[in-house]
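Printed here is final_32.txt (compact mmCIF, C-alpha atoms):
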```txt
# COMPACT_ATOMS: atom_id res chain seq x y z
CA MET Z 12 3.05 -12.76 -16.60
CA SER Z 13 5.86 -10.74 -15.08
CA HIS Z 14 6.69 -7.17 -15.96
CA ASP Z 15 10.17 -5.77 -15.63
CA VAL Z 16 9.07 -2.36 -14.51
CA GLY Z 17 12.35 -1.55 -12.83
CA LEU Z 18 11.22 -1.30 -9.24
CA LYS Z 19 13.27 1.27 -7.34
CA PHE Z 20 14.36 0.56 -3.81
CA ILE Z 21 14.14 4.02 -2.24
CA GLY Z 22 15.46 3.05 1.16
CA LYS Z 23 15.66 0.24 3.63
CA VAL Z 24 14.74 -0.79 7.13
CA GLU Z 25 17.85 -0.06 9.13
CA SER Z 26 16.55 -1.40 12.43
CA SER Z 27 13.24 -2.97 13.36
CA GLY Z 28 11.23 -3.25 16.56
CA GLU Z 29 10.36 -0.28 18.75
CA GLY Z 30 11.88 2.94 17.44
CA ALA Z 31 12.51 1.31 14.07
CA LYS Z 32 14.65 3.29 11.66
CA ILE Z 33 13.94 3.68 7.98
CA ARG Z 34 16.79 5.12 5.99
CA VAL Z 35 15.88 6.74 2.69
CA PHE Z 36 18.75 6.63 0.23
CA PRO Z 37 20.41 10.01 -0.47
CA GLU Z 38 19.16 10.22 -4.07
CA TYR Z 39 15.52 10.08 -2.87
CA CYS Z 40 15.88 12.05 0.38
CA GLU Z 41 14.42 15.25 -1.10
CA GLY Z 42 11.11 13.38 -1.46
CA LEU Z 43 10.72 13.54 2.33
CA LEU Z 44 10.27 17.33 2.34
CA GLY Z 45 7.36 18.13 4.65
CA VAL Z 46 6.97 14.60 6.03
CA GLU Z 47 7.28 15.83 9.61
CA GLY Z 48 3.82 17.41 9.19
CA TYR Z 49 2.19 13.97 9.40
CA SER Z 50 1.67 11.82 12.47
CA HIS Z 51 1.19 8.58 10.50
CA LEU Z 52 2.59 7.16 7.27
CA PHE Z 53 2.09 4.15 5.05
CA ILE Z 54 5.33 2.25 4.56
CA ILE Z 55 5.31 0.04 1.45
CA TYR Z 56 8.10 -2.48 1.20
CA TRP Z 57 9.37 -5.43 -0.75
CA MET Z 58 9.48 -8.57 1.39
CA HIS Z 59 12.69 -9.77 -0.19
CA LEU Z 60 12.87 -13.01 1.80
CA ARG Z 61 9.60 -14.12 0.16
CA ASP Z 62 10.70 -13.10 -3.30
CA ASN Z 63 10.98 -16.59 -4.66
CA GLU Z 64 8.94 -18.87 -6.85
CA LYS Z 65 7.45 -20.92 -4.01
CA HIS Z 66 6.10 -17.99 -2.03
CA ARG Z 67 5.03 -16.02 -5.07
CA ARG Z 68 2.98 -18.95 -6.35
CA THR Z 69 1.12 -19.27 -3.05
CA LEU Z 70 -2.55 -18.34 -3.40
CA ILE Z 71 -4.10 -20.06 -0.37
CA VAL Z 72 -2.83 -19.95 3.22
CA LYS Z 73 -4.08 -20.75 6.70
CA PRO Z 74 -3.05 -17.62 8.63
CA PRO Z 75 -0.79 -19.15 11.29
CA ARG Z 76 -0.99 -16.35 13.84
CA HIS Z 77 -4.79 -16.25 13.90
CA GLU Z 78 -6.40 -19.09 15.79
CA GLY Z 79 -9.37 -20.55 14.00
CA ALA Z 80 -8.54 -19.05 10.64
CA PRO Z 81 -9.65 -21.24 7.73
CA GLN Z 82 -7.87 -21.79 4.43
CA THR Z 83 -7.99 -18.32 2.94
CA GLY Z 84 -6.94 -16.64 -0.29
CA VAL Z 85 -3.80 -14.54 0.06
CA PHE Z 86 -5.66 -11.41 -1.06
CA SER Z 87 -7.93 -11.94 1.95
CA THR Z 88 -4.95 -12.06 4.34
CA ARG Z 89 -1.85 -10.02 5.08
CA SER Z 90 0.31 -13.08 4.41
CA PRO Z 91 3.82 -12.25 3.17
CA SER Z 92 3.50 -15.11 0.69
CA ARG Z 93 1.67 -13.63 -2.30
CA PRO Z 94 2.25 -13.02 -6.03
CA ASN Z 95 4.05 -9.74 -5.32
CA PRO Z 96 5.71 -9.74 -1.90
CA ILE Z 97 4.53 -6.22 -1.15
CA GLY Z 98 4.19 -5.30 2.51
CA LEU Z 99 2.10 -2.46 3.85
CA THR Z 100 2.13 -1.07 7.38
CA VAL Z 101 0.71 2.07 8.91
CA VAL Z 102 3.33 3.51 11.24
CA LYS Z 103 3.46 6.39 13.67
CA LEU Z 104 6.17 8.86 12.77
CA GLU Z 105 8.27 9.52 15.85
CA GLY Z 106 11.01 11.61 14.32
CA VAL Z 107 12.90 12.65 11.21
CA GLU Z 108 16.63 13.24 11.09
CA GLU Z 109 18.08 14.02 7.69
CA CYS Z 110 17.14 10.99 5.57
CA THR Z 111 16.13 8.71 8.42
CA LEU Z 112 12.66 8.24 9.85
CA THR Z 113 12.07 6.85 13.32
CA VAL Z 114 8.73 5.06 13.45
CA SER Z 115 6.68 2.80 15.66
CA GLY Z 116 4.50 -0.07 14.58
CA LEU Z 117 6.57 -1.20 11.60
CA ASP Z 118 6.04 -4.88 10.83
CA ALA Z 119 9.11 -5.41 8.63
CA LEU Z 120 12.48 -7.06 9.10
CA GLU Z 121 15.85 -5.34 9.08
CA GLU Z 122 17.29 -4.80 5.60
CA THR Z 123 13.85 -4.92 3.96
CA PRO Z 124 13.85 -2.67 0.88
CA ILE Z 125 11.37 0.22 0.98
CA ILE Z 126 9.53 0.90 -2.28
CA ASP Z 127 7.24 3.77 -1.29
CA ILE Z 128 6.22 6.03 1.57
CA LYS Z 129 2.85 7.77 1.56
CA PRO Z 130 1.23 10.10 4.06
CA TYR Z 131 -1.74 8.72 5.95
CA SER Z 132 -4.91 10.73 5.47
CA PRO Z 133 -7.50 10.18 8.21
CA ARG Z 134 -10.22 11.44 5.85
CA GLY Z 135 -9.54 8.77 3.23
CA ASP Z 136 -7.74 6.03 5.09
CA ALA Z 137 -9.40 5.73 8.52
CA HIS Z 138 -12.38 3.37 8.52
CA PRO Z 139 -12.87 2.29 12.13
CA GLU Z 140 -16.27 0.89 11.14
CA ALA Z 141 -14.69 -1.63 8.74
CA SER Z 142 -15.66 -5.24 9.35
CA THR Z 143 -13.62 -8.42 8.96
CA PRO Z 144 -14.18 -12.13 9.47
CA GLU Z 145 -14.29 -13.15 13.12
CA TRP Z 146 -10.88 -14.88 12.99
CA ALA Z 147 -9.17 -11.65 11.92
CA MET Z 148 -10.34 -9.91 15.12
CA HIS Z 149 -7.89 -11.97 17.20
CA GLY Z 150 -4.13 -12.27 17.08
CA PRO Z 151 -1.96 -9.56 15.54
CA PRO Z 152 -3.78 -6.53 14.12
CA THR Z 153 -2.76 -7.30 10.53
CA MET U 6 19.10 1.65 -8.91
CA SER U 7 16.32 -0.39 -10.49
CA HIS U 8 15.54 -3.98 -9.67
CA ASP U 9 13.92 -6.30 -12.14
CA VAL U 10 11.85 -8.12 -9.60
CA GLY U 11 9.28 -9.30 -12.11
CA LEU U 12 6.24 -7.46 -10.88
CA LYS U 13 3.09 -9.47 -11.52
CA PHE U 14 -0.04 -7.73 -12.71
CA ILE U 15 -2.73 -9.73 -10.91
CA GLY U 16 -5.69 -7.94 -12.42
CA LYS U 17 -6.86 -4.64 -13.79
CA VAL U 18 -9.38 -1.89 -13.30
CA GLU U 19 -12.14 -2.80 -15.70
CA SER U 20 -14.27 0.26 -15.04
CA SER U 21 -13.75 3.24 -12.75
CA GLY U 22 -16.05 5.68 -10.99
CA GLU U 23 -18.96 4.62 -8.81
CA GLY U 24 -19.38 0.84 -8.76
CA ALA U 25 -15.89 0.40 -10.16
CA LYS U 26 -14.98 -3.11 -11.26
CA ILE U 27 -11.69 -4.80 -10.56
CA ARG U 28 -11.10 -7.95 -12.54
CA VAL U 29 -8.59 -10.40 -11.10
CA PHE U 30 -6.99 -12.53 -13.80
CA PRO U 31 -8.05 -16.21 -13.77
CA GLU U 32 -4.63 -17.50 -12.67
CA TYR U 33 -4.85 -15.43 -9.45
CA CYS U 34 -8.57 -15.71 -8.78
CA GLU U 35 -8.17 -18.37 -6.10
CA GLY U 36 -6.39 -15.75 -3.99
CA LEU U 37 -9.75 -14.03 -3.45
CA LEU U 38 -11.12 -16.91 -1.36
CA GLY U 39 -12.85 -15.37 1.66
CA VAL U 40 -12.62 -11.77 0.48
CA GLU U 41 -16.37 -11.28 0.88
CA GLY U 42 -15.83 -11.38 4.66
CA TYR U 43 -14.31 -7.89 4.58
CA SER U 44 -16.09 -4.57 4.17
CA HIS U 45 -12.98 -2.67 3.09
CA LEU U 46 -9.85 -3.51 1.10
CA PHE U 47 -6.59 -1.88 0.13
CA ILE U 48 -6.14 -1.83 -3.62
CA ILE U 49 -2.52 -1.44 -4.68
CA TYR U 50 -1.93 -0.60 -8.31
CA TRP U 51 0.69 0.41 -10.82
CA MET U 52 -0.05 3.83 -12.26
CA HIS U 53 1.11 2.86 -15.72
CA LEU U 54 0.56 6.29 -17.27
CA ARG U 55 3.18 7.72 -14.90
CA ASP U 56 5.62 4.92 -15.52
CA ASN U 57 8.15 7.01 -17.37
CA GLU U 58 11.46 8.67 -16.63
CA LYS U 59 10.05 12.16 -16.14
CA HIS U 60 7.44 11.21 -13.57
CA ARG U 61 9.63 8.67 -11.82
CA ARG U 62 12.36 11.26 -11.33
CA THR U 63 9.95 13.73 -9.72
CA LEU U 64 10.73 14.23 -6.03
CA ILE U 65 9.04 17.59 -5.33
CA VAL U 66 5.50 18.61 -6.31
CA LYS U 67 2.99 21.30 -5.45
CA PRO U 68 -0.18 19.23 -4.91
CA PRO U 69 -2.49 20.78 -7.52
CA ARG U 70 -5.79 19.73 -6.01
CA HIS U 71 -5.03 21.14 -2.56
CA GLU U 72 -5.26 24.90 -2.32
CA GLY U 73 -2.44 26.46 -0.38
CA ALA U 74 -0.19 23.41 -0.58
CA PRO U 75 3.50 24.32 -0.65
CA GLN U 76 6.27 22.58 -2.58
CA THR U 77 6.28 19.18 -0.97
CA GLY U 78 8.28 15.97 -1.25
CA VAL U 79 6.44 13.22 -3.11
CA PHE U 80 6.65 10.92 -0.08
CA SER U 81 4.66 13.57 1.81
CA THR U 82 1.91 13.58 -0.84
CA ARG U 83 -0.25 11.07 -2.69
CA SER U 84 1.06 12.40 -6.01
CA PRO U 85 1.05 9.80 -8.81
CA SER U 86 4.47 11.12 -9.87
CA ARG U 87 6.98 9.30 -7.66
CA PRO U 88 9.93 6.92 -8.02
CA ASN U 89 7.62 3.89 -8.15
CA PRO U 90 4.18 4.77 -9.53
CA ILE U 91 2.41 2.73 -6.88
CA GLY U 92 -1.14 3.78 -6.05
CA LEU U 93 -2.97 2.88 -2.86
CA THR U 94 -6.66 3.35 -2.17
CA VAL U 95 -8.92 2.04 0.56
CA VAL U 96 -12.16 0.92 -1.07
CA LYS U 97 -15.46 -0.36 0.18
CA LEU U 98 -16.23 -3.81 -1.16
CA GLU U 99 -19.73 -3.77 -2.65
CA GLY U 100 -19.77 -7.22 -4.21
CA VAL U 101 -17.83 -10.19 -5.52
CA GLU U 102 -18.79 -12.16 -8.59
CA GLU U 103 -16.37 -14.87 -9.65
CA CYS U 104 -13.10 -13.02 -10.23
CA THR U 105 -14.53 -9.51 -10.27
CA LEU U 106 -14.84 -7.14 -7.33
CA THR U 107 -17.28 -4.24 -7.33
CA VAL U 108 -15.94 -1.45 -5.14
CA SER U 109 -16.59 2.16 -4.25
CA GLY U 110 -14.01 4.84 -3.61
CA LEU U 111 -11.37 3.62 -6.05
CA ASP U 112 -9.13 6.44 -7.26
CA ALA U 113 -7.64 4.68 -10.30
CA LEU U 114 -8.19 4.92 -14.04
CA GLU U 115 -9.60 2.21 -16.28
CA GLU U 116 -7.01 -0.34 -17.44
CA THR U 117 -4.74 0.35 -14.47
CA PRO U 118 -2.85 -2.83 -13.55
CA ILE U 119 -3.51 -4.16 -10.05
CA ILE U 120 -0.45 -5.44 -8.19
CA ASP U 121 -1.94 -6.42 -4.83
CA ILE U 122 -5.15 -6.57 -2.82
CA LYS U 123 -5.06 -6.66 0.98
CA PRO U 124 -7.83 -6.79 3.53
CA TYR U 125 -8.32 -3.68 5.65
CA SER U 126 -7.96 -4.29 9.35
CA PRO U 127 -9.60 -1.61 11.50
CA ARG U 128 -7.37 -2.62 14.43
CA GLY U 129 -4.15 -1.92 12.55
CA ASP U 130 -5.16 0.42 9.77
CA ALA U 131 -7.74 2.85 11.21
CA HIS U 132 -6.15 5.90 12.82
CA PRO U 133 -8.83 8.58 12.89
CA GLU U 134 -6.64 10.58 15.27
CA ALA U 135 -3.87 10.94 12.66
CA SER U 136 -2.80 14.50 11.93
CA THR U 137 -1.68 16.08 8.67
CA PRO U 138 -0.56 19.52 7.54
CA GLU U 139 -3.41 22.04 7.29
CA TRP U 140 -3.39 22.01 3.45
CA ALA U 141 -4.07 18.27 3.35
CA MET U 142 -7.34 18.76 5.26
CA HIS U 143 -8.95 20.40 2.21
CA GLY U 144 -9.57 19.12 -1.30
CA PRO U 145 -9.74 15.41 -2.06
CA PRO U 146 -9.23 13.04 0.88
CA THR U 147 -5.95 11.67 -0.51
```

So that I can check it, write out the structure of this file as structure tokens.
Amino acid sequence: MSHDVGLKFIGKVESSGEGAKIRVFPEYCEGLLGVEGYSHLFIIYWMHLRDNEKHRRTLIVKPPRHEGAPQTGVFSTRSPSRPNPIGLTVVKLEGVEECTLTVSGLDALEETPIIDIKPYSPRGDAHPEASTPEWAMHGPPT
Amino acid sequence: MSHDVGLKFIGKVESSGEGAKIRVFPEYCEGLLGVEGYSHLFIIYWMHLRDNEKHRRTLIVKPPRHEGAPQTGVFSTRSPSRPNPIGLTVVKLEGVEECTLTVSGLDALEETPIIDIKPYSPRGDAHPEASTPEWAMHGPPT
């Protein structure tokens, strides 16, 4: 069942790669007050290129970038094909200029809509002891 | 601007607190294949009680549970009042039984709709060196 909750696109990825830029739209810019106090942020985005029936019906994938990965449920992978094409990346905040964040480590394409930004809390969010299946230890970090 | 993207509620919080239960709806249950291989997960949810105009227009808050916190932009806090009432918690996976996960550390109320579950990758997601403003070091971890 789908719910028309009226998702708000609060910004977009203006450029990707190293020194990626995230532009927050003017009407939401005030929500960035104090963001420069954090070294890391969660960027939550809407993977618009996967927002179609085929990808949103996908429940099992074989993670292509991880050698040896078996058929796996999408909730056990970071696959962009999933019921809600929500992406999540922890980024390092390199700079803030007006409504634009410069970040490193963002795994999102240009023009991707941003749906939320949250500060990263090492006390709640850092679990270096976390374990994963063997296949997830190789290839890209997410 | 709001986008009717058709958000899918893939499950719900069946009970909260210690040993919280997350029930994934039968039509999405296959997406959990292999989840028991992870010790930690990201739970992404829709904070339905804040899904109203007043809370979704809030851009500045004074985090009530953090003594000494100044007026802060919502994207610099984990406030449930924000343009999209998306919640994010890292939980420890305690068990899986059919379509139900038992987890610890979930900061979500009973009946909260779940919109995504992602595995936690210590290589990409653990940043114990991350820094925050002084006020965020006290009170609850997020």

Selected residue, from U:Pro138, U:Pro88, U:Gly16, U:Gly144, that lies nearest to Val29 in chain U when counting only C-alpha atoms: U:Gly16

Can I have chain Z aligned to chain U? Use a least-squares fit on all Cα atoms paired in order and write it out as a CSV table (one decimal) with C-alpha atoms, in the coordinates of the input.
```
chain,number,residue,atom,x,y,z
Z,12,MET,CA,19.1,1.7,-8.9
Z,13,SER,CA,16.3,-0.4,-10.5
Z,14,HIS,CA,15.5,-4.0,-9.7
Z,15,ASP,CA,13.9,-6.3,-12.1
Z,16,VAL,CA,11.8,-8.1,-9.6
Z,17,GLY,CA,9.3,-9.3,-12.1
Z,18,LEU,CA,6.2,-7.4,-10.9
Z,19,LYS,CA,3.1,-9.5,-11.5
Z,20,PHE,CA,0.0,-7.7,-12.7
Z,21,ILE,CA,-2.7,-9.7,-10.9
Z,22,GLY,CA,-5.7,-7.9,-12.4
Z,23,LYS,CA,-6.9,-4.6,-13.8
Z,24,VAL,CA,-9.4,-1.9,-13.3
Z,25,GLU,CA,-12.1,-2.8,-15.7
Z,26,SER,CA,-14.3,0.3,-15.0
Z,27,SER,CA,-13.8,3.2,-12.8
Z,28,GLY,CA,-16.1,5.7,-11.0
Z,29,GLU,CA,-19.0,4.6,-8.8
Z,30,GLY,CA,-19.4,0.8,-8.8
Z,31,ALA,CA,-15.9,0.4,-10.2
Z,32,LYS,CA,-15.0,-3.1,-11.3
Z,33,ILE,CA,-11.7,-4.8,-10.6
Z,34,ARG,CA,-11.1,-8.0,-12.5
Z,35,VAL,CA,-8.6,-10.4,-11.1
Z,36,PHE,CA,-7.0,-12.5,-13.8
Z,37,PRO,CA,-8.1,-16.2,-13.8
Z,38,GLU,CA,-4.6,-17.5,-12.7
Z,39,TYR,CA,-4.8,-15.4,-9.4
Z,40,CYS,CA,-8.6,-15.7,-8.8
Z,41,GLU,CA,-8.2,-18.4,-6.1
Z,42,GLY,CA,-6.4,-15.7,-4.0
Z,43,LEU,CA,-9.7,-14.0,-3.5
Z,44,LEU,CA,-11.1,-16.9,-1.4
Z,45,GLY,CA,-12.9,-15.4,1.7
Z,46,VAL,CA,-12.6,-11.8,0.5
Z,47,GLU,CA,-16.4,-11.3,0.9
Z,48,GLY,CA,-15.8,-11.4,4.7
Z,49,TYR,CA,-14.3,-7.9,4.6
Z,50,SER,CA,-16.1,-4.6,4.2
Z,51,HIS,CA,-13.0,-2.7,3.1
Z,52,LEU,CA,-9.9,-3.5,1.1
Z,53,PHE,CA,-6.6,-1.9,0.1
Z,54,ILE,CA,-6.1,-1.8,-3.6
Z,55,ILE,CA,-2.5,-1.4,-4.7
Z,56,TYR,CA,-1.9,-0.6,-8.3
Z,57,TRP,CA,0.7,0.4,-10.8
Z,58,MET,CA,0.0,3.8,-12.3
Z,59,HIS,CA,1.1,2.9,-15.7
Z,60,LEU,CA,0.6,6.3,-17.3
Z,61,ARG,CA,3.2,7.7,-14.9
Z,62,ASP,CA,5.6,4.9,-15.5
Z,63,ASN,CA,8.1,7.0,-17.4
Z,64,GLU,CA,11.4,8.7,-16.6
Z,65,LYS,CA,10.0,12.2,-16.1
Z,66,HIS,CA,7.4,11.2,-13.6
Z,67,ARG,CA,9.6,8.7,-11.8
Z,68,ARG,CA,12.4,11.3,-11.3
Z,69,THR,CA,10.0,13.7,-9.7
Z,70,LEU,CA,10.7,14.2,-6.0
Z,71,ILE,CA,9.0,17.6,-5.3
Z,72,VAL,CA,5.5,18.6,-6.3
Z,73,LYS,CA,3.0,21.3,-5.4
Z,74,PRO,CA,-0.2,19.2,-4.9
Z,75,PRO,CA,-2.5,20.8,-7.5
Z,76,ARG,CA,-5.8,19.7,-6.0
Z,77,HIS,CA,-5.0,21.2,-2.6
Z,78,GLU,CA,-5.3,24.9,-2.3
Z,79,GLY,CA,-2.4,26.5,-0.4
Z,80,ALA,CA,-0.2,23.4,-0.6
Z,81,PRO,CA,3.5,24.3,-0.6
Z,82,GLN,CA,6.3,22.6,-2.6
Z,83,THR,CA,6.3,19.2,-1.0
Z,84,GLY,CA,8.3,16.0,-1.3
Z,85,VAL,CA,6.4,13.2,-3.1
Z,86,PHE,CA,6.7,10.9,-0.1
Z,87,SER,CA,4.7,13.6,1.8
Z,88,THR,CA,1.9,13.6,-0.8
Z,89,ARG,CA,-0.2,11.1,-2.7
Z,90,SER,CA,1.1,12.4,-6.0
Z,91,PRO,CA,1.1,9.8,-8.8
Z,92,SER,CA,4.5,11.1,-9.9
Z,93,ARG,CA,7.0,9.3,-7.7
Z,94,PRO,CA,9.9,6.9,-8.0
Z,95,ASN,CA,7.6,3.9,-8.1
Z,96,PRO,CA,4.2,4.8,-9.5
Z,97,ILE,CA,2.4,2.7,-6.9
Z,98,GLY,CA,-1.1,3.8,-6.0
Z,99,LEU,CA,-3.0,2.9,-2.9
Z,100,THR,CA,-6.7,3.3,-2.2
Z,101,VAL,CA,-8.9,2.0,0.6
Z,102,VAL,CA,-12.2,0.9,-1.1
Z,103,LYS,CA,-15.5,-0.4,0.2
Z,104,LEU,CA,-16.2,-3.8,-1.2
Z,105,GLU,CA,-19.7,-3.8,-2.7
Z,106,GLY,CA,-19.8,-7.2,-4.2
Z,107,VAL,CA,-17.8,-10.2,-5.5
Z,108,GLU,CA,-18.8,-12.2,-8.6
Z,109,GLU,CA,-16.4,-14.9,-9.7
Z,110,CYS,CA,-13.1,-13.0,-10.2
Z,111,THR,CA,-14.5,-9.5,-10.3
Z,112,LEU,CA,-14.8,-7.1,-7.3
Z,113,THR,CA,-17.3,-4.2,-7.3
Z,114,VAL,CA,-15.9,-1.4,-5.1
Z,115,SER,CA,-16.6,2.2,-4.2
Z,116,GLY,CA,-14.0,4.8,-3.6
Z,117,LEU,CA,-11.4,3.6,-6.1
Z,118,ASP,CA,-9.1,6.4,-7.3
Z,119,ALA,CA,-7.7,4.7,-10.3
Z,120,LEU,CA,-8.2,4.9,-14.0
Z,121,GLU,CA,-9.6,2.2,-16.3
Z,122,GLU,CA,-7.0,-0.3,-17.4
Z,123,THR,CA,-4.7,0.4,-14.5
Z,124,PRO,CA,-2.9,-2.8,-13.5
Z,125,ILE,CA,-3.5,-4.2,-10.0
Z,126,ILE,CA,-0.5,-5.4,-8.2
Z,127,ASP,CA,-1.9,-6.4,-4.8
Z,128,ILE,CA,-5.1,-6.6,-2.8
Z,129,LYS,CA,-5.1,-6.7,1.0
Z,130,PRO,CA,-7.8,-6.8,3.5
Z,131,TYR,CA,-8.3,-3.7,5.6
Z,132,SER,CA,-8.0,-4.3,9.4
Z,133,PRO,CA,-9.6,-1.6,11.5
Z,134,ARG,CA,-7.4,-2.6,14.4
Z,135,GLY,CA,-4.2,-1.9,12.5
Z,136,ASP,CA,-5.2,0.4,9.8
Z,137,ALA,CA,-7.7,2.8,11.2
Z,138,HIS,CA,-6.1,5.9,12.8
Z,139,PRO,CA,-8.8,8.6,12.9
Z,140,GLU,CA,-6.6,10.6,15.3
Z,141,ALA,CA,-3.9,10.9,12.7
Z,142,SER,CA,-2.8,14.5,11.9
Z,143,THR,CA,-1.7,16.1,8.7
Z,144,PRO,CA,-0.6,19.5,7.5
Z,145,GLU,CA,-3.4,22.0,7.3
Z,146,TRP,CA,-3.4,22.0,3.5
Z,147,ALA,CA,-4.1,18.3,3.3
Z,148,MET,CA,-7.3,18.8,5.3
Z,149,HIS,CA,-8.9,20.4,2.2
Z,150,GLY,CA,-9.6,19.1,-1.3
Z,151,PRO,CA,-9.7,15.4,-2.1
Z,152,PRO,CA,-9.2,13.0,0.9
Z,153,THR,CA,-6.0,11.7,-0.5
```

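Distance check against chain Z using all atoms listed in the file: of U:Ser109, U:Ser126, U:Ser86, U:Ser20, the minimum falls on U:Ser126.
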
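Within the 12 Å cut-off around Glu38 in chain Z, using all atoms listed in the file and omitting residues fewer than 5 positions from it on the same chain, the listed residues are Lys19, Phe20, Ile21, Gly22, Leu43 and Cys110 of chain Z; Met6, Arg62, Thr63, Leu64 and Pro88 of chain U.
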
Chain Z contacts on chain U, only C-alpha atoms, 7 Å, as a PyMOL selection string: chain U and resi 6-13+35-40+42-45+64-65+77-83+88-89+95+120-124+126-133+135-138+146-147

Atomic separation - CA of Glu121 in chain Z relative to CA of His66 in chain Z, Å: 19.5 Å

Residue with smallest distance to Leu120 in chain Z - pool Z:Glu25, Z:Glu78, Z:Glu108, Z:Glu64, counting all atoms listed in the file: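 Comparing Z:Glu25, Z:Glu78, Z:Glu108, Z:Glu64 against Leu120 in chain Z, the winner is Z:Glu25.
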
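Going from CA of Pro69 in chain U over to CA of Ala113 in chain U, you cover 17.1 Å.
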
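The interatomic distance for the pair CA of Tyr50 in chain U and CA of Pro118 in chain U works out to 5.8 Å.
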
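Residue nearest Lys17 in chain U, chosen from U:Pro31, U:Trp140, U:Thr117, U:Val101 and counting all atoms listed in the file: U:Thr117.
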